[in-house]
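Novice: Got a structure here, written out as structure tokens. Questions coming.
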Amino acid sequence: MNILIVNLHSTRNKGDAGIVLSMIDALREVMPDCRIRIKSRFPELDQAVFDVPVHESIENLKHEDGLSKQQKLKLVWRMVKCLKTKNRDPSGDYEWADVVVSCGGGFIKSHGVSVMNLQHLVQMKTAFDYGKPIVIYSQSIGPFYNKFGSYMTSQVLRKVNRTFIREEISLEWLKKMGITNHVQIVPDAAFSLQMSPSEHIDELIEQIRCKHPGRPLIGMTARDWHFPETEAPDVHRQKYIESMAEAIEYLESYVNAKVLLMPQTLGPNAFNDDRVISREIIECSSAKHAEIIDRDLSPRELKYMYSKLDLFIGTRMHSNIFALGALVPTVAINYEHKTKGIMEMVGLKDYVADINEITPEQLVGLVRKCWQERTRVRAILSERIPKVVEQSKLPALYIKSLGQKASEKHNAS
């Protein structure tokens with residue numbers, strides 16, 4: 001079976017990379033002989049991460065930030081034309097594919113008139129142009145605060161063979177668009193990511209423990225955020241930084257912990273480089289021992305490193321998934337509905353802070369609670385995660401069934 005995965009953003013985001021690696025793991029588990037190709041916005045960077053061919057997305061837009069209104073409108077019109085006319089793929093990937101799969105993530109949304117959302121829709125709509133079945137693999141859908149974006153999205157999603165979503169809130173957004181058939185809720189694909197034992201991770205952890213003997217190791221991920229749903233974004237951003245800083249101070253003072261800030265995304269720009277805001281958080285705190293792990297680790301290595309931790313505090317959703325998958329008690333900071341939904345799925349809804357409402361007192365309270373109840377939390381994860389991992393493979397099993405149906409149809413003819 002030939003499987004074309006589309007809509008990969010960038011492996012500089014370890015969550016995006018982890019999703020696609022997990023998809024490949026699951027697809028190969030259920031279909032050992034399948035052949036896979038990937039379409040990416042940055043194929044020259046992403047090819048090194050995957051052992052399958054990576055080609056450029058059609059109608060590829062690499063930059064949206066900093067555009068003038070006129071430039072943005074031209075790109076919007078270009079994408080709309082692609083959605084209204086028949087597209088061609090010079091690489092031949094769509095022609096080669098037996099099924100097209102839109103990779104997991106949280107990119108089908110529109111706060112305004114989103115050029116990137118339209119580009120993602122074009123990748124899926126092109127499958128229709130080639131008469132190929134298309135599957136959406138463990139996505140978050142929404143929010144849509146723009147009628148145009150919602151309408152254009154609904155026109156594509158209505159034609160998808162099966163839409164696998166990650167949480168109930170995505171289902172509500174689909175219902176608002178009148179899409180209720182062929183929809184199924186499953187866990188995030190990254191729960192099935194296989195970790196890679198690593199000698200240099202073992203050496204790094206041993207060095208940290210030697211310098212800080214007896215201290216619990218606490219991991220943390222931070223991310224910059226525009227706070228699009230608030231009236232005073234700068235105020236909320238500063239409150240978030242202060243909350244993270246005070247959580248570090250609490251862990252050092254009362255838990256005697258060593259806090260490791262572990263960037264999950266390293267680009268492609270400063271806003272998406274977690275090292276930048278991680279430095280701001282450390283500078284805002286009076287912590288003496290916290291440090292940034294400034295290494296370009298693969299998703300499999302990150303999950304392995306997280307497995308060595310005693311507690312995790314994550315803003316990047318897939319850092320939480322890697323930690324949860326390694327059975328590490330986790331406090332999650334929800335910046336979009338996907339995080340809350342996933343924490344509910346694993347039975348940890350009481351350990352979620354909303355980034356728009358976060359305060360130092362609230363976050364410290366959640367961290368204290370999770371630390372005190374860490375044995376119980378780990379027991380919950382030990383019971384639930386194996387089931388979640390198996391459920392996360394359901395899209396791969398469905399894709400396999402498409403291949404079986406196609407084969408039966410071919411043999412019958």
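Residues are named by chain letter and number: chains run A, B, ... in the order of the structure tokens, numbers start at 1 in each chain, and ligands are numbered from 1 in the order shown.
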Hey, what's within 8 Å of segment 310-314 of chain A if we count only C-alpha atoms and toss same-chain stuff fewer than 5 positions away? As a VMD selection string, please?
Specialist: chain A and resid 216 to 222 319 to 320 323 328 to 333 367 371 374
Novice: Name the residues of segment 198-378 of chain A that come out as alpha helix (DSSP H) in a backbone DSSP run; write them as a PyMOL selection string.
Specialist: chain A and resi 199-211+233-254+274-284+299-306+317-325+337-345+360-372+374-378
Novice: Skip segment 349-358 of chain A itself and residues of its chain fewer than 3 positions away, then list as a PyMOL selection string all residues within 9 Å of it, counting only C-alpha atoms.
Specialist: chain A and resi 227+229-230+236-237+239-240+243+315+330-336+339-346+361-363+366-367+369-370
Novice: Going by DSSP on the backbone, which bits of segment 219-324 of chain A are strand (DSSP E or B)? Write them as a list in words, please.
Specialist: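 Written out, the strand (DSSP E or B) residues of segment 219-324 of chain A are Gly219, Met220, Thr221, Lys258, Val259, Leu260, Leu261, Thr265, Leu266, Asp273, Glu291, Ile292, Leu311, Phe312, Ile313 and Gly314 of chain A.
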Novice: Those selected residues, please, written with N, CA and C atoms and delivered as a short mmCIF file (atom, residue, chain, number, x, y, z; two decimals), in the first residue's frame.
Specialist:
data_model
loop_
_atom_site.label_atom_id
_atom_site.label_comp_id
_atom_site.auth_asym_id
_atom_site.auth_seq_id
_atom_site.Cartn_x
_atom_site.Cartn_y
_atom_site.Cartn_z
N GLY A 219 11.09 18.44 34.83
CA GLY A 219 11.17 18.99 33.49
C GLY A 219 10.11 20.06 33.27
N MET A 220 10.39 21.00 32.36
CA MET A 220 9.44 22.08 32.07
C MET A 220 9.59 22.50 30.62
N THR A 221 8.46 22.72 29.94
CA THR A 221 8.50 23.35 28.62
C THR A 221 7.69 24.64 28.65
N LYS A 258 15.80 20.11 41.07
CA LYS A 258 16.56 20.65 39.96
C LYS A 258 15.60 20.75 38.78
N VAL A 259 15.36 21.98 38.29
CA VAL A 259 14.41 22.20 37.20
C VAL A 259 15.16 22.34 35.87
N LEU A 260 14.71 21.56 34.89
CA LEU A 260 15.31 21.59 33.56
C LEU A 260 14.30 22.13 32.56
N LEU A 261 14.57 23.29 31.98
CA LEU A 261 13.72 23.81 30.91
C LEU A 261 14.19 23.17 29.61
N THR A 265 10.50 23.23 20.70
CA THR A 265 10.51 23.78 19.34
C THR A 265 11.66 24.76 19.22
N LEU A 266 12.45 24.62 18.16
CA LEU A 266 13.67 25.42 18.00
C LEU A 266 13.60 26.36 16.80
N ASP A 273 10.82 29.62 18.81
CA ASP A 273 12.03 29.07 19.43
C ASP A 273 11.86 29.14 20.95
N GLU A 291 18.16 25.28 34.74
CA GLU A 291 18.96 25.47 33.53
C GLU A 291 18.18 25.03 32.30
N ILE A 292 18.61 25.56 31.15
CA ILE A 292 17.99 25.20 29.87
C ILE A 292 18.82 24.08 29.24
N LEU A 311 8.86 14.65 37.71
CA LEU A 311 7.64 15.44 37.51
C LEU A 311 7.85 16.26 36.25
N PHE A 312 6.73 16.63 35.61
CA PHE A 312 6.84 17.42 34.38
C PHE A 312 5.78 18.52 34.40
N ILE A 313 6.17 19.72 33.91
CA ILE A 313 5.25 20.85 33.76
C ILE A 313 5.37 21.30 32.32
N GLY A 314 4.31 21.12 31.54
CA GLY A 314 4.44 21.34 30.11
C GLY A 314 3.46 22.33 29.54
#
Novice: Lys132 of chain A: which residues within 12 Å, counting only C-alpha atoms, same-chain residues fewer than 6 positions away excluded, as a list in words?
Specialist: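 Within the cut-off, the hits are Asn2, Ile3, Leu4, Asp93, Tyr94, Glu95, Trp96, Ala97, Asp98, Val99, Val100, Val101, Met124, Lys125, Thr126, Lys159, Val160, Asn161, Leu402, Gly403 and Ala406 of chain A.
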Novice: What's the separation between atom CA of Asp89 of chain A and atom CA of Cys34 of chain A, in Å to one decimal place?
Specialist: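 Taking atom CA of Asp89 of chain A as the start and atom CA of Cys34 of chain A as the end point, the length is 21.6 Å.
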Novice: Given the choices A:Asn272, A:Asn146, A:Ser401, A:Gln139, which gets closest to Ala190 of chain A if the distance is worked out from only C-alpha atoms?
Specialist: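 Checking each candidate against Ala190 of chain A, we get A:Gln139 as the closest.
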Novice: Please compute the atom CA of Ser170 of chain A-atom CA of His111 of chain A distance, one decimal, in Å.
Specialist: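 Computing the Euclidean distance for atom CA of Ser170 of chain A and atom CA of His111 of chain A yields 14.9 Å.
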Novice: Between atom CA of Leu327 of chain A and atom CA of Leu309 of chain A, what is the spacing in Å?
Specialist: 9.7 Å
Novice: Check the smallest atom-to-atom distance from each of A:Ser286, A:Gln372, A:Ser140, A:Gln391 to Ile248 of chain A using only C-alpha atoms, then report the winner.
Specialist: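 Checking each of A:Ser286, A:Gln372, A:Ser140, A:Gln391 against Ile248 of chain A, counting only C-alpha atoms, the winner is A:Ser286.
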